[in-house]
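J.: What follows is my_file26.cif; its format and atoms are mmCIF, C-alpha atoms.
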data_model
loop_
_atom_site.label_atom_id
_atom_site.label_comp_id
_atom_site.auth_asym_id
_atom_site.auth_seq_id
_atom_site.Cartn_x
_atom_site.Cartn_y
_atom_site.Cartn_z
CA MET A 1 -6.09 10.02 22.79
CA ASN A 2 -3.60 12.54 21.45
CA ILE A 3 -3.63 12.31 17.64
CA TYR A 4 0.18 12.31 17.47
CA LEU A 5 0.44 9.40 19.90
CA ASP A 6 -2.40 7.67 18.06
CA LEU A 7 -0.54 8.06 14.74
CA PHE A 8 2.63 6.60 16.23
CA LEU A 9 0.88 3.66 17.95
CA THR A 10 -1.36 2.84 14.99
CA PHE A 11 1.56 2.71 12.60
CA ALA A 12 3.66 0.81 15.13
CA ARG A 13 0.91 -1.87 15.22
CA ILE A 14 0.93 -1.91 11.43
CA GLY A 15 4.73 -2.06 11.42
CA VAL A 16 4.69 -5.20 13.53
CA CYS A 17 2.66 -6.95 10.81
CA THR A 18 4.63 -5.96 7.71
CA PHE A 19 5.94 -9.42 6.90
CA GLY A 20 6.22 -9.70 3.14
CA GLY A 21 6.63 -6.04 2.35
CA GLY A 22 4.30 -3.21 1.46
CA ILE A 23 1.62 -5.10 -0.44
CA ALA A 24 1.21 -7.65 2.34
CA MET A 25 0.25 -4.86 4.74
CA LEU A 26 -2.64 -3.60 2.58
CA PRO A 27 -5.36 -5.56 4.42
CA ILE A 28 -4.04 -4.24 7.72
CA LEU A 29 -3.93 -0.69 6.36
CA GLN A 30 -7.46 -1.08 5.00
CA ARG A 31 -8.74 -2.23 8.39
CA GLU A 32 -6.82 0.24 10.56
CA ILE A 33 -6.61 3.40 8.43
CA VAL A 34 -9.83 3.21 6.41
CA ASP A 35 -12.28 1.11 8.43
CA LYS A 36 -11.35 1.82 12.06
CA LYS A 37 -9.77 5.29 12.04
CA GLY A 38 -11.32 6.84 8.94
CA TRP A 39 -8.07 8.65 8.23
CA ALA A 40 -8.36 7.90 4.50
CA THR A 41 -10.88 6.46 2.06
CA ALA A 42 -10.27 3.23 0.17
CA GLY A 43 -9.59 5.31 -2.94
CA GLU A 44 -7.11 7.53 -1.13
CA LEU A 45 -5.35 4.47 0.28
CA THR A 46 -5.04 3.08 -3.24
CA ASP A 47 -3.63 6.40 -4.46
CA TYR A 48 -1.18 6.64 -1.55
CA TYR A 49 -0.07 3.07 -2.19
CA ALA A 50 0.55 3.77 -5.88
CA ILE A 51 2.53 6.91 -5.09
CA SER A 52 4.45 5.09 -2.34
CA GLN A 53 5.44 2.41 -4.80
CA CYS A 54 6.75 5.00 -7.28
CA THR A 55 8.75 7.07 -4.82
CA PRO A 56 12.17 6.00 -3.57
CA GLY A 57 12.19 4.06 -0.35
CA ILE A 58 10.16 1.44 1.42
CA ILE A 59 6.47 1.38 0.50
CA ALA A 60 5.28 1.08 4.11
CA VAL A 61 7.41 4.00 5.21
CA ASN A 62 6.32 6.20 2.31
CA LEU A 63 2.67 5.36 2.90
CA ALA A 64 2.89 6.10 6.62
CA THR A 65 4.56 9.41 5.84
CA PHE A 66 1.84 10.41 3.38
CA ILE A 67 -1.02 9.52 5.71
CA GLY A 68 0.62 11.11 8.76
CA HIS A 69 1.33 14.27 6.78
CA LYS A 70 -2.24 14.38 5.48
CA LEU A 71 -3.56 14.28 9.03
CA LYS A 72 -1.12 16.43 10.98
CA GLY A 73 1.46 17.94 8.65
CA ALA A 74 5.18 17.35 8.93
CA LEU A 75 5.14 16.23 12.58
CA GLY A 76 2.34 13.76 11.83
CA GLY A 77 4.33 12.38 8.89
CA ILE A 78 7.45 12.01 11.02
CA LEU A 79 5.64 10.25 13.88
CA ALA A 80 3.76 7.87 11.57
CA THR A 81 7.04 7.06 9.84
CA ILE A 82 8.86 6.42 13.11
CA GLY A 83 5.91 4.32 14.26
CA VAL A 84 5.95 2.03 11.23
CA VAL A 85 9.75 1.62 11.36
CA PHE A 86 10.17 1.19 15.13
CA PRO A 87 8.95 -2.43 15.43
CA SER A 88 11.12 -3.53 12.50
CA VAL A 89 14.21 -1.97 14.04
CA VAL A 90 13.56 -3.75 17.33
CA ILE A 91 12.75 -7.09 15.67
CA ILE A 92 15.73 -6.95 13.31
CA THR A 93 18.06 -6.08 16.17
CA VAL A 94 16.84 -9.07 18.20
CA ILE A 95 16.97 -11.42 15.20
CA ALA A 96 20.48 -10.26 14.27
CA ALA A 97 21.66 -10.98 17.79
CA PHE A 98 20.41 -14.58 17.64
CA LEU A 99 20.30 -15.38 13.90
CA GLN A 100 23.28 -17.72 13.75
CA SER A 101 21.83 -19.78 16.58
CA PHE A 102 18.33 -20.17 15.12
CA ALA A 103 18.73 -20.13 11.32
CA LYS A 104 19.37 -23.86 11.03
CA ILE A 105 16.61 -25.01 13.36
CA LYS A 106 13.96 -26.88 11.37
CA LEU A 107 11.13 -25.45 13.47
CA VAL A 108 12.19 -21.90 12.57
CA GLN A 109 12.50 -22.81 8.88
CA HIS A 110 9.02 -24.36 8.91
CA ALA A 111 7.56 -21.37 10.74
CA LEU A 112 8.96 -19.01 8.10
CA THR A 113 7.44 -21.22 5.38
CA GLY A 114 4.06 -20.82 7.09
CA VAL A 115 4.52 -17.06 7.35
CA ASN A 116 5.31 -16.90 3.62
CA ALA A 117 2.09 -18.78 2.80
CA CYS A 118 0.13 -16.42 5.03
CA VAL A 119 1.67 -13.37 3.34
CA LEU A 120 0.65 -14.71 -0.07
CA ALA A 121 -2.95 -15.14 1.13
CA LEU A 122 -2.94 -11.56 2.48
CA ILE A 123 -1.65 -10.26 -0.85
CA VAL A 124 -4.39 -12.08 -2.78
CA THR A 125 -7.00 -10.69 -0.38
CA SER A 126 -5.63 -7.16 -0.82
CA VAL A 127 -5.56 -7.38 -4.58
CA THR A 128 -9.15 -8.63 -4.62
CA LYS A 129 -10.35 -5.77 -2.36
CA LEU A 130 -8.42 -3.16 -4.33
CA GLY A 131 -9.77 -4.56 -7.59
CA LYS A 132 -13.37 -4.28 -6.37
CA SER A 133 -12.93 -0.65 -5.33
CA THR A 134 -10.74 0.43 -8.27
CA LEU A 135 -11.83 -1.41 -11.42
CA LYS A 136 -15.12 0.41 -11.91
CA ASP A 137 -15.48 0.56 -15.69
CA ALA A 138 -14.21 -0.96 -18.94
CA TRP A 139 -11.40 1.60 -19.25
CA CYS A 140 -10.04 0.68 -15.80
CA TRP A 141 -10.18 -3.01 -16.71
CA LEU A 142 -8.37 -2.31 -19.99
CA ILE A 143 -5.61 -0.32 -18.25
CA PHE A 144 -5.33 -3.09 -15.65
CA ALA A 145 -4.98 -5.78 -18.32
CA VAL A 146 -2.36 -3.84 -20.30
CA VAL A 147 -0.33 -3.09 -17.17
CA LEU A 148 -0.55 -6.74 -16.07
CA VAL A 149 0.74 -7.96 -19.43
CA CYS A 150 3.46 -5.30 -19.60
CA SER A 151 4.59 -6.21 -16.10
CA PHE A 152 4.53 -10.01 -16.27
CA VAL A 153 5.34 -10.61 -19.93
CA PHE A 154 7.66 -7.74 -20.76
CA GLY A 155 9.06 -6.86 -17.31
CA VAL A 156 8.34 -3.13 -17.66
CA SER A 157 9.39 -1.06 -14.65
CA PRO A 158 6.59 -0.37 -12.11
CA VAL A 159 7.49 3.32 -12.17
CA ILE A 160 6.95 3.51 -15.92
CA LEU A 161 3.71 1.54 -15.63
CA VAL A 162 2.27 3.76 -12.90
CA VAL A 163 3.20 6.98 -14.69
CA ALA A 164 1.89 5.69 -18.04
CA ALA A 165 -1.33 4.34 -16.50
CA GLY A 166 -1.89 7.64 -14.70
CA ALA A 167 -1.37 9.59 -17.91
CA VAL A 168 -3.68 7.30 -19.89
CA GLY A 169 -6.33 7.43 -17.14
CA TRP A 170 -6.14 11.22 -17.07
CA LEU A 171 -6.39 11.41 -20.86
CA ILE A 172 -9.39 9.04 -20.95
CA ARG A 173 -11.20 11.02 -18.24
CA CYS A 174 -10.52 14.32 -20.03
CA VAL A 175 -11.77 12.99 -23.37
CA THR A 176 -14.87 11.35 -21.88
CA ALA A 177 -15.69 14.47 -19.85
CA ARG A 178 -15.30 16.63 -22.96
CA CYS A 179 -17.49 14.29 -25.03
CA LYS A 180 -20.11 14.28 -22.28
CA LYS A 181 -20.06 18.08 -22.08
CA GLU A 182 -20.40 18.42 -25.85
CA GLY A 183 -23.30 15.94 -25.80
CA GLU A 184 -25.10 17.96 -23.13
CA GLU A 185 -24.64 21.19 -25.06
CA LYS A 186 -26.38 19.77 -28.15
#
With the file now loaded, output its structure as structure tokens.

T.:
Amino acid sequence: MNIYLDLFLTFARIGVCTFGGGIAMLPILQREIVDKKGWATAGELTDYYAISQCTPGIIAVNLATFIGHKLKGALGGILATIGVVFPSVVIITVIAAFLQSFAKIKLVQHALTGVNACVLALIVTSVTKLGKSTLKDAWCWLIFAVVLVCSFVFGVSPVILVVAAGAVGWLIRCVTARCKKEGEEK
């Protein structure tokens, strides 16, 4: 299949399943982008997700743009972005046309409650998978714990946390690499 069409259709399938926002789509991204297509590694997906969360805009759109651009430049980024947005535009248009009629129906309210529970389960699954592939040593666990506390207890902005964690991670890697190099020279 043409890679451009494949980018559009793959991200359109992902876009259909983005209930709950960017983090809820991580298991789908893992399966489609990493496992099935091999367009990115689990580590790259984690990096793209972190960058997507820090940049202005919708996480899913930013992530699709990054992956599409990685594969096929600007046109790939544009088609992946259109693909991930297209289903939402169609669904929102249909819902908006009929919202007043359906919003008060108990069946619809109960269905949305079920969808919310499903999204929470998908988020927990994603966090668990990301944790297994990302938290590889004591330093990573320490950064994770500090960021978790700063986020939940102190309400620190995610942008500040990602930038600070990236800087601390870089500094730790530089210092440990330097210490290792000095140890080998002795």

J.: To verify the selection step, state as a ChimeraX atom specification which residues the PyMOL selection byres ((chain A and resi 75) around 12) yields on this input.

T.: /A:3-5,7-8,64-74,76-82

J.: Using the chain letters and numbering of this document, enumerate as a short mmCIF file (atom, residue, chain, number, x, y, z; two decimals) with C-alpha atoms, in the coordinates of the input the residues selected by the PyMOL selection byres ((chain A and resi 52-56) around 12).

T.:
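Written out: out.cif:
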data_model
loop_
_atom_site.label_atom_id
_atom_site.label_comp_id
_atom_site.auth_asym_id
_atom_site.auth_seq_id
_atom_site.Cartn_x
_atom_site.Cartn_y
_atom_site.Cartn_z
CA GLY A 21 6.63 -6.04 2.35
CA GLY A 22 4.30 -3.21 1.46
CA ILE A 23 1.62 -5.10 -0.44
CA GLU A 44 -7.11 7.53 -1.13
CA LEU A 45 -5.35 4.47 0.28
CA THR A 46 -5.04 3.08 -3.24
CA ASP A 47 -3.63 6.40 -4.46
CA TYR A 48 -1.18 6.64 -1.55
CA TYR A 49 -0.07 3.07 -2.19
CA ALA A 50 0.55 3.77 -5.88
CA ILE A 51 2.53 6.91 -5.09
CA GLY A 57 12.19 4.06 -0.35
CA ILE A 58 10.16 1.44 1.42
CA ILE A 59 6.47 1.38 0.50
CA ALA A 60 5.28 1.08 4.11
CA VAL A 61 7.41 4.00 5.21
CA ASN A 62 6.32 6.20 2.31
CA LEU A 63 2.67 5.36 2.90
CA ALA A 64 2.89 6.10 6.62
CA THR A 65 4.56 9.41 5.84
CA PHE A 66 1.84 10.41 3.38
CA ILE A 67 -1.02 9.52 5.71
CA SER A 157 9.39 -1.06 -14.65
CA PRO A 158 6.59 -0.37 -12.11
CA VAL A 159 7.49 3.32 -12.17
CA ILE A 160 6.95 3.51 -15.92
CA LEU A 161 3.71 1.54 -15.63
CA VAL A 162 2.27 3.76 -12.90
CA VAL A 163 3.20 6.98 -14.69
CA ALA A 164 1.89 5.69 -18.04
CA GLY A 166 -1.89 7.64 -14.70
#

J.: So the first atom is CA of Arg31 in chain A and the second is CA of Val124 in chain A; what is the distance between them in Å, to one decimal place?

T.: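 According to the coordinates, CA of Arg31 in chain A and CA of Val124 in chain A are separated by 15.5 Å.
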
J.: For a test of reading the model, state the distance in Å between CA of Ser126 in chain A and CA of Leu26 in chain A, rounded to one decimal.

T.: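 The value is 5.8 Å.
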
J.: Which of these residues is nearest to Leu148 in chain A, using all atoms listed in the file: A:Pro27, A:Lys36, A:Ala165, A:Val90?

T.: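 The closest residue to Leu148 in chain A is A:Ala165.
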
J.: Between CA of Leu29 in chain A and CA of Phe11 in chain A, what is the distance in Å, rounded to a tenth?

T.: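 Separation between CA of Leu29 in chain A and CA of Phe11 in chain A: 9.0 Å.
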
J.: Do you know which residues are at most 9 Å from Gly15 in chain A counting all atoms listed in the file, after dropping those on the same chain fewer than 6 positions away, and could you put them as a PyMOL selection string?

T.: chain A and resi 25+60+83-88

J.: For the residues in the current selection, export C-alpha atoms as a PDB file, in the coordinates of the input.

T.:
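Once written, out.pdb looks like this:
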ATOM      1  CA  MET A  25       0.250  -4.860   4.740  1.00  0.00           C
ATOM      2  CA  ALA A  60       5.280   1.080   4.110  1.00  0.00           C
ATOM      3  CA  GLY A  83       5.910   4.320  14.260  1.00  0.00           C
ATOM      4  CA  VAL A  84       5.950   2.030  11.230  1.00  0.00           C
ATOM      5  CA  VAL A  85       9.750   1.620  11.360  1.00  0.00           C
ATOM      6  CA  PHE A  86      10.170   1.190  15.130  1.00  0.00           C
ATOM      7  CA  PRO A  87       8.950  -2.430  15.430  1.00  0.00           C
ATOM      8  CA  SER A  88      11.120  -3.530  12.500  1.00  0.00           C
TER       9      SER A  88
END

J.: Restricting the calculation to all atoms listed in the file, which member of A:Ala167, A:Cys118, A:Ile123, A:Ile33 is positioned closest to Thr10 in chain A?

T.: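 Nearest candidate to Thr10 in chain A out of A:Ala167, A:Cys118, A:Ile123, A:Ile33: A:Ile33.
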
J.: For Ala138 in chain A, which of A:Val156, A:Ile91, A:Ile172, A:Ala103 is the closest residue, counting all atoms listed in the file?

T.: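 The closest residue to Ala138 in chain A is A:Ile172.
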